[in-house]
>>> print(open('final_13.csv').read())   # CSV, C-alpha atoms and all ligand atoms
chain,number,residue,atom,x,y,z
A,1,MET,CA,98.8,78.6,115.9
A,2,GLU,CA,99.4,82.1,117.2
A,3,HIS,CA,97.0,84.9,116.4
A,4,ILE,CA,96.0,84.9,112.8
A,5,CYS,CA,94.9,88.2,111.2
A,6,LYS,CA,92.6,88.5,108.3
A,7,VAL,CA,92.4,91.2,105.6
A,8,SER,CA,89.3,90.9,103.4
A,9,VAL,CA,89.6,92.1,99.8
A,10,LYS,CA,86.7,93.3,97.7
A,11,ALA,CA,87.5,93.3,94.0
A,12,SER,CA,86.0,91.5,90.9
A,13,LYS,CA,86.4,88.5,93.2
A,14,ASP,CA,86.2,88.9,97.0
A,15,TYR,CA,88.8,86.9,99.0
A,16,ASP,CA,90.6,86.8,102.3
A,17,ILE,CA,94.3,87.2,103.1
A,18,LEU,CA,95.2,85.3,106.3
A,19,ILE,CA,98.5,86.3,108.0
A,20,GLY,CA,100.3,84.5,110.9
A,21,GLU,CA,102.5,81.7,112.0
A,22,GLY,CA,101.6,78.1,111.2
A,23,LEU,CA,99.3,78.7,108.3
A,24,LEU,CA,101.2,76.2,106.1
A,25,ASP,CA,99.9,73.4,108.3
A,26,ALA,CA,96.4,74.8,107.9
A,27,ALA,CA,96.5,75.0,104.1
A,28,GLY,CA,94.4,71.9,103.6
A,29,GLU,CA,91.6,73.0,105.9
A,30,GLN,CA,91.6,76.6,104.5
A,31,VAL,CA,91.6,75.5,100.9
A,32,ARG,CA,88.8,73.1,101.6
A,33,ARG,CA,86.8,75.8,103.5
A,34,VAL,CA,87.1,78.2,100.5
A,35,LEU,CA,87.0,75.9,97.5
A,36,GLY,CA,85.4,72.7,98.8
A,37,THR,CA,86.6,69.3,97.6
A,38,CYS,CA,89.0,69.9,94.7
A,39,ARG,CA,92.3,68.6,93.3
A,40,PRO,CA,95.0,71.2,93.9
A,41,ALA,CA,98.0,71.5,91.6
A,42,VAL,CA,100.8,72.9,93.7
A,43,LEU,CA,103.3,75.0,91.7
A,44,THR,CA,106.6,75.7,93.5
A,45,ASP,CA,110.3,76.0,93.0
A,46,ASP,CA,113.0,73.5,94.1
A,47,THR,CA,114.2,75.6,97.1
A,48,VAL,CA,110.8,76.2,98.5
A,49,ASP,CA,109.7,72.7,97.8
A,50,ALA,CA,112.6,71.3,99.8
A,51,LEU,CA,111.7,73.6,102.7
A,52,TYR,CA,107.9,73.6,102.7
A,53,GLY,CA,106.5,71.4,99.9
A,54,GLY,CA,106.1,68.4,102.2
A,55,ARG,CA,104.2,70.2,104.9
A,56,VAL,CA,101.8,71.8,102.4
A,57,LEU,CA,101.1,68.4,100.7
A,58,ARG,CA,100.6,66.7,104.1
A,59,SER,CA,98.2,69.4,105.1
A,60,LEU,CA,96.2,69.0,101.9
A,61,ALA,CA,96.1,65.2,102.2
A,62,ALA,CA,95.0,65.5,105.8
A,63,ALA,CA,92.0,67.6,104.6
A,64,GLY,CA,91.2,64.9,102.0
A,65,LEU,CA,92.5,66.9,99.1
A,66,ASP,CA,94.4,64.7,96.5
A,67,ALA,CA,97.1,67.2,95.4
A,68,CYS,CA,99.7,66.9,92.7
A,69,LYS,CA,102.9,69.0,92.6
A,70,PHE,CA,105.0,70.6,89.9
A,71,VAL,CA,108.4,71.8,90.8
A,72,PHE,CA,110.7,74.0,88.7
A,73,PRO,CA,114.2,75.4,89.2
A,74,HIS,CA,114.2,78.5,91.4
A,75,GLY,CA,114.7,82.0,90.0
A,76,GLU,CA,113.4,84.6,87.6
A,77,GLY,CA,114.9,82.5,84.7
A,78,SER,CA,112.1,80.0,85.1
A,79,LYS,CA,109.3,82.6,84.9
A,80,ASN,CA,108.7,82.0,81.2
A,81,LEU,CA,106.3,80.5,78.7
A,82,GLY,CA,108.2,77.3,78.5
A,83,VAL,CA,107.9,76.4,82.2
A,84,MET,CA,104.3,77.6,82.2
A,85,ALA,CA,103.5,75.4,79.2
A,86,SER,CA,104.9,72.4,81.0
A,87,PHE,CA,102.8,73.2,84.0
A,88,LEU,CA,99.7,73.5,81.9
A,89,ASP,CA,100.5,70.1,80.3
A,90,PHE,CA,101.0,68.7,83.8
A,91,MET,CA,97.6,69.9,84.9
A,92,ALA,CA,96.0,68.5,81.8
A,93,GLU,CA,97.7,65.1,82.3
A,94,HIS,CA,96.4,65.1,85.9
A,95,ARG,CA,92.9,65.8,84.5
A,96,LEU,CA,92.3,68.9,86.5
A,97,THR,CA,88.8,70.4,85.9
A,98,ARG,CA,87.4,73.9,86.4
A,99,GLY,CA,86.4,72.7,89.9
A,100,ASP,CA,90.1,72.2,90.8
A,101,ALA,CA,92.7,74.8,91.7
A,102,VAL,CA,96.3,76.0,91.4
A,103,ILE,CA,98.2,76.6,94.6
A,104,ALA,CA,101.2,78.9,94.0
A,105,LEU,CA,103.7,78.2,96.8
A,106,GLY,CA,106.8,80.4,97.1
A,107,GLY,CA,107.9,83.9,96.2
A,108,GLY,CA,106.8,86.2,93.4
A,109,VAL,CA,108.0,83.8,90.7
A,110,PRO,CA,105.8,80.8,91.5
A,111,GLY,CA,103.1,83.4,92.5
A,112,ASP,CA,103.1,85.2,89.1
A,113,MET,CA,103.4,82.1,87.1
A,114,GLY,CA,100.8,80.1,89.1
A,115,GLY,CA,98.4,83.0,88.9
A,116,PHE,CA,98.8,83.2,85.1
A,117,ALA,CA,98.5,79.5,84.6
A,118,ALA,CA,95.3,79.6,86.7
A,119,ALA,CA,94.0,82.5,84.6
A,120,VAL,CA,94.3,80.6,81.3
A,121,PHE,CA,94.0,76.8,82.2
A,122,LEU,CA,90.5,75.8,81.0
A,123,ARG,CA,89.9,79.6,80.6
A,124,GLY,CA,90.2,80.1,84.3
A,125,VAL,CA,90.5,78.0,87.5
A,126,PRO,CA,90.8,79.3,91.1
A,127,CYS,CA,94.2,80.1,92.5
A,128,VAL,CA,95.4,80.1,96.1
A,129,GLN,CA,98.6,82.1,96.8
A,130,ILE,CA,100.9,80.9,99.6
A,131,PRO,CA,103.7,83.5,99.6
A,132,THR,CA,107.0,82.6,101.3
A,133,THR,CA,109.1,85.7,100.6
A,134,LEU,CA,108.4,89.1,102.1
A,135,LEU,CA,108.1,90.6,98.6
A,136,ALA,CA,105.4,88.1,97.8
A,137,ALA,CA,103.6,88.5,101.1
A,138,VAL,CA,103.3,92.3,100.9
A,139,ASP,CA,103.0,92.7,97.2
A,140,SER,CA,102.9,90.0,94.5
A,141,SER,CA,100.4,87.6,96.1
A,142,VAL,CA,97.8,90.4,96.4
A,143,GLY,CA,96.0,92.3,93.7
A,144,GLY,CA,95.6,89.7,90.9
A,145,LYS,CA,98.4,90.8,88.6
A,146,THR,CA,100.0,87.7,87.0
A,147,ALA,CA,102.6,87.3,84.3
A,148,VAL,CA,105.6,85.6,82.8
A,149,ASP,CA,108.6,87.1,81.1
A,150,ILE,CA,109.0,86.9,77.3
A,151,PRO,CA,112.2,87.6,75.4
A,152,ALA,CA,111.0,91.1,74.6
A,153,GLY,CA,110.8,92.0,78.3
A,154,LYS,CA,109.7,91.2,81.9
A,155,ASN,CA,106.1,90.6,82.7
A,156,LEU,CA,105.0,91.3,79.1
A,157,ALA,CA,102.5,88.4,79.0
A,158,GLY,CA,100.0,88.1,81.7
A,159,ALA,CA,96.5,88.5,83.0
A,160,PHE,CA,94.5,90.0,85.8
A,161,HIS,CA,93.3,87.0,87.9
A,162,GLN,CA,92.4,87.5,91.6
A,163,PRO,CA,93.3,84.7,94.0
A,164,SER,CA,90.6,82.9,95.9
A,165,LEU,CA,92.6,82.9,99.1
A,166,VAL,CA,96.1,84.1,100.3
A,167,LEU,CA,97.8,82.3,103.1
A,168,CYS,CA,100.8,84.1,104.5
A,169,ASP,CA,102.7,82.0,107.0
A,170,THR,CA,105.0,84.5,108.6
A,171,LYS,CA,107.3,81.8,109.9
A,172,THR,CA,108.5,81.0,106.4
A,173,LEU,CA,110.3,84.3,106.4
A,174,ASP,CA,112.7,82.9,108.9
A,175,THR,CA,114.5,80.8,106.3
A,176,LEU,CA,115.0,83.7,103.8
A,177,PRO,CA,118.5,84.6,102.9
A,178,PRO,CA,119.2,88.2,104.2
A,179,ASP,CA,119.4,89.7,100.7
A,180,ILE,CA,116.0,88.3,99.6
A,181,LEU,CA,114.4,89.4,102.9
A,182,ARG,CA,115.9,92.9,102.3
A,183,ASP,CA,114.4,93.0,98.8
A,184,GLY,CA,111.0,92.7,100.4
A,185,PHE,CA,111.7,95.7,102.6
A,186,ALA,CA,112.2,97.9,99.5
A,187,GLU,CA,108.4,97.3,98.9
A,188,VAL,CA,107.5,97.9,102.5
A,189,VAL,CA,109.4,101.2,102.5
A,190,LYS,CA,107.6,102.0,99.2
A,191,TYR,CA,104.2,101.6,100.9
A,192,GLY,CA,105.2,103.9,103.7
A,193,VAL,CA,106.4,106.7,101.3
A,194,ILE,CA,103.4,106.5,99.0
A,195,LEU,CA,100.6,105.9,101.4
A,196,ASP,CA,101.4,105.8,105.1
A,197,GLU,CA,103.8,108.1,107.0
A,198,ASP,CA,103.3,106.1,110.2
A,199,LEU,CA,104.3,102.9,108.5
A,200,PHE,CA,107.4,104.6,107.1
A,201,SER,CA,108.3,105.7,110.6
A,202,ALA,CA,107.7,102.3,112.0
A,203,VAL,CA,110.1,100.6,109.6
A,204,SER,CA,112.6,103.3,109.1
A,205,VAL,CA,115.0,101.8,111.7
A,206,PRO,CA,115.4,98.0,111.4
A,207,PRO,CA,115.0,95.5,112.8
A,208,VAL,CA,111.2,95.4,112.5
A,209,GLN,CA,109.7,93.9,115.7
A,210,ASP,CA,106.2,92.9,114.5
A,211,MET,CA,106.4,91.5,111.0
A,212,GLN,CA,102.8,90.3,111.1
A,213,ALA,CA,101.6,93.9,111.8
A,214,VAL,CA,103.8,95.3,109.0
A,215,ILE,CA,102.6,92.7,106.5
A,216,ARG,CA,99.0,93.3,107.5
A,217,ARG,CA,99.4,97.1,107.0
A,218,CYS,CA,101.1,96.7,103.6
A,219,VAL,CA,98.4,94.3,102.4
A,220,GLU,CA,95.6,96.7,103.6
A,221,LEU,CA,97.2,99.5,101.7
A,222,LYS,CA,97.5,97.5,98.6
A,223,ARG,CA,93.9,96.2,99.0
A,224,ASP,CA,92.7,99.8,99.1
A,225,VAL,CA,94.6,100.9,96.1
A,226,VAL,CA,93.6,97.8,94.0
A,227,GLY,CA,90.0,98.2,95.2
A,228,ALA,CA,90.0,101.7,93.7
A,229,ASP,CA,91.7,100.7,90.4
A,230,GLU,CA,91.8,97.0,90.0
A,231,PHE,CA,92.8,97.1,86.3
A,232,ASP,CA,95.7,99.7,86.6
A,233,ARG,CA,94.1,102.6,84.8
A,234,GLY,CA,94.9,105.3,87.3
A,235,THR,CA,95.7,105.3,91.0
A,236,ARG,CA,97.2,101.8,91.0
A,237,GLN,CA,100.1,103.3,89.3
A,238,LEU,CA,101.1,104.8,92.6
A,239,LEU,CA,102.4,101.4,93.5
A,240,ASN,CA,105.0,101.9,90.8
A,241,PHE,CA,106.9,104.4,93.0
A,242,GLY,CA,110.6,103.6,92.3
A,243,HIS,CA,109.7,101.1,89.7
A,244,THR,CA,110.0,103.1,86.5
A,245,VAL,CA,113.7,103.8,87.0
A,246,GLY,CA,114.0,100.5,89.0
A,247,HIS,CA,112.8,98.3,86.1
A,248,ALA,CA,115.2,100.1,83.8
A,249,ILE,CA,118.1,99.4,86.2
A,250,GLU,CA,117.0,95.7,86.5
A,251,GLN,CA,116.9,95.3,82.8
A,252,LEU,CA,120.1,97.1,82.1
A,253,SER,CA,121.9,94.9,84.6
A,254,GLY,CA,120.6,91.8,82.8
A,255,PHE,CA,118.6,91.0,86.0
A,256,THR,CA,121.8,90.7,88.1
A,257,VAL,CA,120.5,93.5,90.2
A,258,SER,CA,117.5,92.1,92.1
A,259,HIS,CA,114.0,93.7,91.9
A,260,GLY,CA,114.1,95.0,95.4
A,261,SER,CA,117.6,96.5,95.0
A,262,ALA,CA,116.6,98.1,91.8
A,263,VAL,CA,113.4,99.5,93.3
A,264,ALA,CA,115.5,101.0,96.2
A,265,LYS,CA,117.8,102.8,93.7
A,266,GLY,CA,114.6,103.9,91.8
A,267,MET,CA,112.9,105.3,94.9
A,268,LEU,CA,116.0,107.4,95.7
A,269,ARG,CA,116.0,108.7,92.1
A,270,ALA,CA,112.3,109.4,92.2
A,271,ALA,CA,112.8,111.3,95.5
A,272,ARG,CA,115.5,113.4,93.8
A,273,MET,CA,113.3,114.0,90.8
A,274,GLY,CA,110.5,115.2,93.0
A,275,ALA,CA,112.9,117.6,94.7
A,276,ALA,CA,114.2,118.8,91.3
A,277,MET,CA,110.5,119.6,90.4
A,278,GLY,CA,110.1,121.6,93.6
A,279,LEU,CA,107.6,119.2,95.2
A,280,GLY,CA,109.6,118.9,98.4
A,281,ASP,CA,112.8,117.1,99.3
A,282,PHE,CA,112.3,113.7,100.9
A,283,THR,CA,115.7,112.4,99.7
A,284,ALA,CA,117.3,112.2,103.1
A,285,PRO,CA,114.8,110.1,105.0
A,286,ILE,CA,114.3,107.7,102.1
A,287,ARG,CA,118.0,107.4,101.5
A,288,ASP,CA,118.9,107.0,105.2
A,289,THR,CA,116.2,104.3,105.7
A,290,LEU,CA,117.3,102.3,102.7
A,291,LEU,CA,120.9,102.5,103.7
A,292,ARG,CA,120.0,101.2,107.2
A,293,TYR,CA,118.7,98.1,105.4
A,294,GLY,CA,122.0,97.8,103.6
A,295,PHE,CA,120.9,98.7,100.1
A,296,ASP,CA,123.5,99.8,97.6
A,297,LEU,CA,122.0,102.9,96.2
A,298,SER,CA,124.5,103.6,93.5
A,299,CYS,CA,123.3,103.8,89.9
A,300,PRO,CA,125.9,102.8,87.2
A,301,TYR,CA,123.8,103.8,84.3
A,302,THR,CA,123.6,107.1,82.4
A,303,PRO,CA,120.4,109.1,82.1
A,304,GLU,CA,120.2,108.3,78.4
A,305,GLU,CA,120.6,104.5,79.1
A,306,LEU,CA,117.8,104.6,81.8
A,307,PHE,CA,115.6,106.7,79.5
A,308,ASP,CA,116.0,104.4,76.6
A,309,VAL,CA,114.7,101.4,78.6
A,310,MET,CA,112.0,103.5,80.4
A,311,LEU,CA,110.5,104.2,77.0
A,312,ASN,CA,109.6,100.5,76.7
A,313,ASP,CA,107.4,100.6,79.8
A,314,LYS,CA,104.2,98.8,78.9
A,315,LYS,CA,102.1,101.3,80.8
A,316,ARG,CA,103.4,104.3,78.9
A,317,LEU,CA,101.3,106.3,76.5
A,318,PRO,CA,102.9,107.6,73.3
A,319,ASP,CA,105.1,110.7,74.0
A,320,THR,CA,104.3,110.9,77.7
A,321,ILE,CA,105.5,109.2,80.7
A,322,THR,CA,104.0,109.0,84.2
A,323,LEU,CA,106.3,109.4,87.2
A,324,VAL,CA,105.3,108.7,90.8
A,325,LEU,CA,106.8,111.4,92.9
A,326,PRO,CA,106.6,112.1,96.7
A,327,GLU,CA,104.7,115.3,97.6
A,328,ARG,CA,105.0,114.7,101.4
A,329,MET,CA,105.9,111.7,103.4
A,330,GLY,CA,103.1,109.1,103.1
A,331,HIS,CA,101.7,110.8,100.0
A,332,CYS,CA,102.8,110.6,96.3
A,333,GLY,CA,101.3,112.0,93.2
A,334,LEU,CA,101.2,110.9,89.5
A,335,TYR,CA,103.0,113.3,87.2
A,336,LYS,CA,102.3,112.8,83.5
A,337,MET,CA,104.9,114.6,81.5
A,338,PRO,CA,106.4,114.7,78.0
A,339,VAL,CA,109.2,112.1,77.7
A,340,SER,CA,111.6,115.0,77.0
A,341,ARG,CA,110.9,116.4,80.5
A,342,ALA,CA,111.6,113.0,82.1
A,343,LEU,CA,115.0,112.9,80.4
A,344,GLU,CA,115.7,116.4,81.7
A,345,LEU,CA,114.9,115.3,85.2
A,346,LEU,CA,117.0,112.2,84.9
A,347,LYS,CA,119.9,114.4,83.8
A,348,ALA,CA,119.3,116.9,86.6
A,349,THR,CA,119.4,114.1,89.3
A,350,ALA,CA,122.3,112.0,87.9
A,351,SER,CA,124.8,112.8,90.7
B,401,LIG,N1,102.3,90.3,90.6
B,401,LIG,C1,102.7,91.4,91.2
B,401,LIG,O1,101.9,92.3,91.6
B,401,LIG,C2,104.2,91.5,91.5
B,401,LIG,C3,104.6,92.5,92.3
B,401,LIG,C4,106.0,92.6,92.6
B,401,LIG,C5,106.9,91.6,92.1
B,401,LIG,N2,106.4,90.6,91.3
B,401,LIG,C6,107.3,89.6,90.7
B,401,LIG,O2,107.8,88.9,91.8
B,401,LIG,C7,109.1,88.3,91.4
B,401,LIG,C8,110.1,88.5,92.5
B,401,LIG,O3,109.6,87.9,93.7
B,401,LIG,P1,110.6,87.1,94.7
B,401,LIG,O4,111.7,88.0,95.1
B,401,LIG,O5,109.7,86.6,95.8
B,401,LIG,O6,111.2,86.0,93.8
B,401,LIG,P2,111.3,84.4,93.9
B,401,LIG,O7,110.0,83.8,93.9
B,401,LIG,O8,112.3,84.0,92.8
B,401,LIG,O9,112.0,84.2,95.3
B,401,LIG,C9,113.3,84.6,95.5
B,401,LIG,C10,114.2,83.4,96.0
B,401,LIG,O10,113.8,83.1,97.3
B,401,LIG,C11,113.7,81.7,97.5
B,401,LIG,N3,112.7,81.5,98.5
B,401,LIG,C12,111.4,81.8,98.5
B,401,LIG,N4,110.9,81.6,99.7
B,401,LIG,C13,111.8,81.2,100.5
B,401,LIG,C14,111.9,80.9,101.9
B,401,LIG,N5,110.9,81.0,102.7
B,401,LIG,N6,113.1,80.5,102.4
B,401,LIG,C15,114.2,80.5,101.6
B,401,LIG,N7,114.2,80.8,100.3
B,401,LIG,C16,113.1,81.1,99.8
B,401,LIG,C17,113.2,81.2,96.1
B,401,LIG,O11,113.5,79.9,95.9
B,401,LIG,C18,114.1,82.1,95.2
B,401,LIG,O12,115.3,81.6,94.9
B,401,LIG,C19,109.4,89.0,90.1
B,401,LIG,O13,109.3,88.1,89.1
B,401,LIG,C20,108.5,90.1,90.0
B,401,LIG,O14,108.2,90.5,88.7
B,401,LIG,C21,105.1,90.6,91.0
>>> encode(input="final_13.csv", output="structure tokens")
Amino acid sequence: MEHICKVSVKASKDYDILIGEGLLDAAGEQVRRVLGTCRPAVLTDDTVDALYGGRVLRSLAAAGLDACKFVFPHGEGSKNLGVMASFLDFMAEHRLTRGDAVIALGGGVPGDMGGFAAAVFLRGVPCVQIPTTLLAAVDSSVGGKTAVDIPAGKNLAGAFHQPSLVLCDTKTLDTLPPDILRDGFAEVVKYGVILDEDLFSAVSVPPVQDMQAVIRRCVELKRDVVGADEFDRGTRQLLNFGHTVGHAIEQLSGFTVSHGSAVAKGMLRAARMGAAMGLGDFTAPIRDTLLRYGFDLSCPYTPEELFDVMLNDKKRLPDTITLVLPERMGHCGLYKMPVSRALELLKATAS
């Protein structure tokens, strides 16, 4: 194994994030080190299972852990209560106890659903996250937000449940289709804009040379934000930069626009809104960086259509909306405003 780096998180539960090549083959030893002898239930999708399921199961077996595996069809369409209920039944049939654990192997979909299942099965069992997409590595595997989608909307049923361990094998990114890898870069660029100008500069001209260092930096930034506001009552909302408009675009497209592509469009719109408010104009560097990654930054929806969906945001208070807007590169602020002002800004930046 090449050099493995470790980021330690202090939250309601302390845990380590290990990042480097070859960690899939160390899964058994690492899970055993952190959780002792347990029966892991591995939750993964069919694509990831075909690529990496066997290696993880072999590693767990070699460490003396008698794992069972539940595989579901890949994609956001599976992140629902039906699939989760089947997984909960599966764990019950395999007689898992509170001393056992869920291992979420894959992107944000297995990650979010595995985390939620771990939060509720027997009122809470440990969860190990093994992210295999860039988005999951830098974002969804860290911080303890878990959820499934319900017919009323995305991520509307969930829980805060911190993992016990995150194992990020950077080699798994090699098999990602280019569009899914690009989705993750939207989140990487986001961290740069909201929190770290040096990171923004380092990733502004692809290709990124040192992915391990970039993932590490993103995870450290998320660790610090989550450490200050684990339950999303204040500063954690900074991580929503580009997401308020992005989620609206995702939803209006019927989820045919991917999360990362929608966030890229949302970040450009947020930069324009910040400029329209006189905070400073960071539109050009954000737009140029996203274009270099090949994002389509067009927005086919009217301000009224976007606004209508934005009003459903679960984090919104009545009559107000909070936008995350850049004040300078590497620093964003939270701007709480009447919903009417948000509509004005959407209209002013519709070009
Ligand atoms: N909990 C959080 O804090 C948080 C943060 C951001 C996003 N999310 C959630 O994450 C989800 C999106 O994550 P995602 O884009 O990783 O989705 P995903 O899990 O569906 O993965 C995307 C696709 O990549 C495939 N894949 C995964 N790893 C692969 C690999 N190494 N090689 C080849 N193919 C691979 C999957 O099979 C899938 O088809 C959304 O549901 C979103 O709501 C959660």
>>> residues_near_point(input="final_13.csv", point="(100.7, 101.9, 92.3)", cutoff="9 Å", atoms="all atoms listed in the file", output="number ranges by chain")
A: 194, 222, 225-226, 232, 234-241, 324
>>> residues_near_ligand(input="final_13.csv", ligand="ligand LIG 401 (chain B)", cutoff="6 Å", atoms="only C-alpha atoms and all ligand atoms", output="JSON list (two decimals) with C-alpha atoms, in the coordinates of the input")
[["chain", "number", "residue", "atom", "x", "y", "z"],
["A", 45, "ASP", "CA", 110.30, 76.00, 93.00],
["A", 47, "THR", "CA", 114.20, 75.60, 97.10],
["A", 48, "VAL", "CA", 110.80, 76.20, 98.50],
["A", 74, "HIS", "CA", 114.20, 78.50, 91.40],
["A", 75, "GLY", "CA", 114.70, 82.00, 90.00],
["A", 76, "GLU", "CA", 113.40, 84.60, 87.60],
["A", 106, "GLY", "CA", 106.80, 80.40, 97.10],
["A", 107, "GLY", "CA", 107.90, 83.90, 96.20],
["A", 108, "GLY", "CA", 106.80, 86.20, 93.40],
["A", 109, "VAL", "CA", 108.00, 83.80, 90.70],
["A", 110, "PRO", "CA", 105.80, 80.80, 91.50],
["A", 112, "ASP", "CA", 103.10, 85.20, 89.10],
["A", 132, "THR", "CA", 107.00, 82.60, 101.30],
["A", 133, "THR", "CA", 109.10, 85.70, 100.60],
["A", 135, "LEU", "CA", 108.10, 90.60, 98.60],
["A", 136, "ALA", "CA", 105.40, 88.10, 97.80],
["A", 139, "ASP", "CA", 103.00, 92.70, 97.20],
["A", 140, "SER", "CA", 102.90, 90.00, 94.50],
["A", 145, "LYS", "CA", 98.40, 90.80, 88.60],
["A", 146, "THR", "CA", 100.00, 87.70, 87.00],
["A", 172, "THR", "CA", 108.50, 81.00, 106.40],
["A", 173, "LEU", "CA", 110.30, 84.30, 106.40],
["A", 175, "THR", "CA", 114.50, 80.80, 106.30],
["A", 176, "LEU", "CA", 115.00, 83.70, 103.80]]
>>> atom_distance(input="final_13.csv", atom1="CA of Pro40 in chain A", atom2="CA of Lys154 in chain A")
27.6 Å
>>> residues_around(input="final_13.csv", residues="Gly115 in chain A", least_positions_apart="5", cutoff="10 Å", atoms="only C-alpha atoms", output="list in words")
Leu43, Val102, Ile103, Ala104, Val109, Pro110, Val120, Gly124, Val125, Pro126, Cys127, Val128, Gln129, Ser141, Gly144, Lys145, Thr146, Ala147, Val148, Gly158, Ala159, Phe160, His161, Gln162 and Pro163 of chain A
>>> write_last_selection(input="final_13.csv", atoms="C-alpha atoms", output="JSON list (two decimals), in the frame of the given file")
[["chain", "number", "residue", "atom", "x", "y", "z"],
["A", 43, "LEU", "CA", 103.30, 75.00, 91.70],
["A", 102, "VAL", "CA", 96.30, 76.00, 91.40],
["A", 103, "ILE", "CA", 98.20, 76.60, 94.60],
["A", 104, "ALA", "CA", 101.20, 78.90, 94.00],
["A", 109, "VAL", "CA", 108.00, 83.80, 90.70],
["A", 110, "PRO", "CA", 105.80, 80.80, 91.50],
["A", 120, "VAL", "CA", 94.30, 80.60, 81.30],
["A", 124, "GLY", "CA", 90.20, 80.10, 84.30],
["A", 125, "VAL", "CA", 90.50, 78.00, 87.50],
["A", 126, "PRO", "CA", 90.80, 79.30, 91.10],
["A", 127, "CYS", "CA", 94.20, 80.10, 92.50],
["A", 128, "VAL", "CA", 95.40, 80.10, 96.10],
["A", 129, "GLN", "CA", 98.60, 82.10, 96.80],
["A", 141, "SER", "CA", 100.40, 87.60, 96.10],
["A", 144, "GLY", "CA", 95.60, 89.70, 90.90],
["A", 145, "LYS", "CA", 98.40, 90.80, 88.60],
["A", 146, "THR", "CA", 100.00, 87.70, 87.00],
["A", 147, "ALA", "CA", 102.60, 87.30, 84.30],
["A", 148, "VAL", "CA", 105.60, 85.60, 82.80],
["A", 158, "GLY", "CA", 100.00, 88.10, 81.70],
["A", 159, "ALA", "CA", 96.50, 88.50, 83.00],
["A", 160, "PHE", "CA", 94.50, 90.00, 85.80],
["A", 161, "HIS", "CA", 93.30, 87.00, 87.90],
["A", 162, "GLN", "CA", 92.40, 87.50, 91.60],
["A", 163, "PRO", "CA", 93.30, 84.70, 94.00]]
>>> atom_distance(input="final_13.csv", atom1="CA of Gly20 in chain A", atom2="CA of Val193 in chain A")
24.9 Å
>>> residues_around(input="final_13.csv", residues="Asp89 in chain A", least_positions_apart="6", cutoff="10 Å", atoms="only C-alpha atoms", output="PyMOL selection string")
chain A and resi 83+95+121
>>> closest_residue(input="final_13.csv", among="A:Val263, A:Val142, A:Leu325, A:Met273", to="Cys218 in chain A", atoms="all atoms listed in the file")
A:Val142
>>> atom_distance(input="final_13.csv", atom1="CA of Thr244 in chain A", atom2="CA of Asn312 in chain A")
10.1 Å
>>> residues_around(input="final_13.csv", residues="Ile286 in chain A", least_positions_apart="6", cutoff="12 Å", atoms="only C-alpha atoms", output="PyMOL selection string")
chain A and resi 186+188-194+197+200-201+203-205+242+264-272+292-293+295+297+326+328-330
>>> residues_around(input="final_13.csv", residues="Ala137 in chain A", least_positions_apart="5", cutoff="7 Å", atoms="only C-alpha atoms", output="short mmCIF file (atom, residue, chain, number, x, y, z; two decimals) with C-alpha atoms, keeping the file's coordinate frame")
data_model
loop_
_atom_site.label_atom_id
_atom_site.label_comp_id
_atom_site.auth_asym_id
_atom_site.auth_seq_id
_atom_site.Cartn_x
_atom_site.Cartn_y
_atom_site.Cartn_z
CA PRO A 131 103.70 83.50 99.60
CA THR A 132 107.00 82.60 101.30
CA CYS A 168 100.80 84.10 104.50
CA ILE A 215 102.60 92.70 106.50
#
>>> closest_residue(input="final_13.csv", among="A:Ala118, A:Cys5, A:Val245, A:Ala62", to="Phe87 in chain A", atoms="only C-alpha atoms")
A:Ala118
>>> residues_around(input="final_13.csv", residues="Leu252 in chain A", least_positions_apart="3", cutoff="9 Å", atoms="only C-alpha atoms", output="PyMOL selection string")
chain A and resi 247-249+255-257+301+305-306+309
>>> closest_residue(input="final_13.csv", among="A:Gly53, A:Gly143, A:Gly99, A:Gly114", to="Glu220 in chain A", atoms="only C-alpha atoms")
A:Gly143
>>> axis_aligned_box(input="final_13.csv", around="range 146-157 of chain A", padding_each_side="6 Å", output="JSON")
{"center_x": 106.1, "center_y": 88.8, "center_z": 80.8, "size_x": 24.2, "size_y": 18.4, "size_z": 24.4}
>>> residues_near_point(input="final_13.csv", point="(106.1, 85.1, 112.1)", cutoff="10 Å", atoms="all atoms listed in the file", output="list of chain:residue names")
A:Glu2, A:Ile19, A:Gly20, A:Glu21, A:Gly22, A:Cys168, A:Asp169, A:Thr170, A:Lys171, A:Thr172, A:Leu173, A:Asp174, A:Asp210, A:Met211, A:Gln212, A:Ala213
>>> closest_atom_pairs(input="final_13.csv", of="range 176-236 of chain A", to="range 8-18 of chain A", cutoff="9 Å", atoms="only C-alpha atoms", output="JSON lines")
{"residue": "A:Arg216", "atom": "CA", "partner": "A:Ile17", "partner_atom": "CA", "distance": 8.9}
{"residue": "A:Val219", "atom": "CA", "partner": "A:Ile17", "partner_atom": "CA", "distance": 8.2}
{"residue": "A:Glu220", "atom": "CA", "partner": "A:Val9", "partner_atom": "CA", "distance": 8.5}
{"residue": "A:Arg223", "atom": "CA", "partner": "A:Val9", "partner_atom": "CA", "distance": 6.0}
{"residue": "A:Asp224", "atom": "CA", "partner": "A:Val9", "partner_atom": "CA", "distance": 8.3}
{"residue": "A:Val226", "atom": "CA", "partner": "A:Ala11", "partner_atom": "CA", "distance": 7.6}
{"residue": "A:Gly227", "atom": "CA", "partner": "A:Ala11", "partner_atom": "CA", "distance": 5.6}
{"residue": "A:Ala228", "atom": "CA", "partner": "A:Ala11", "partner_atom": "CA", "distance": 8.8}
{"residue": "A:Glu230", "atom": "CA", "partner": "A:Ala11", "partner_atom": "CA", "distance": 6.9}
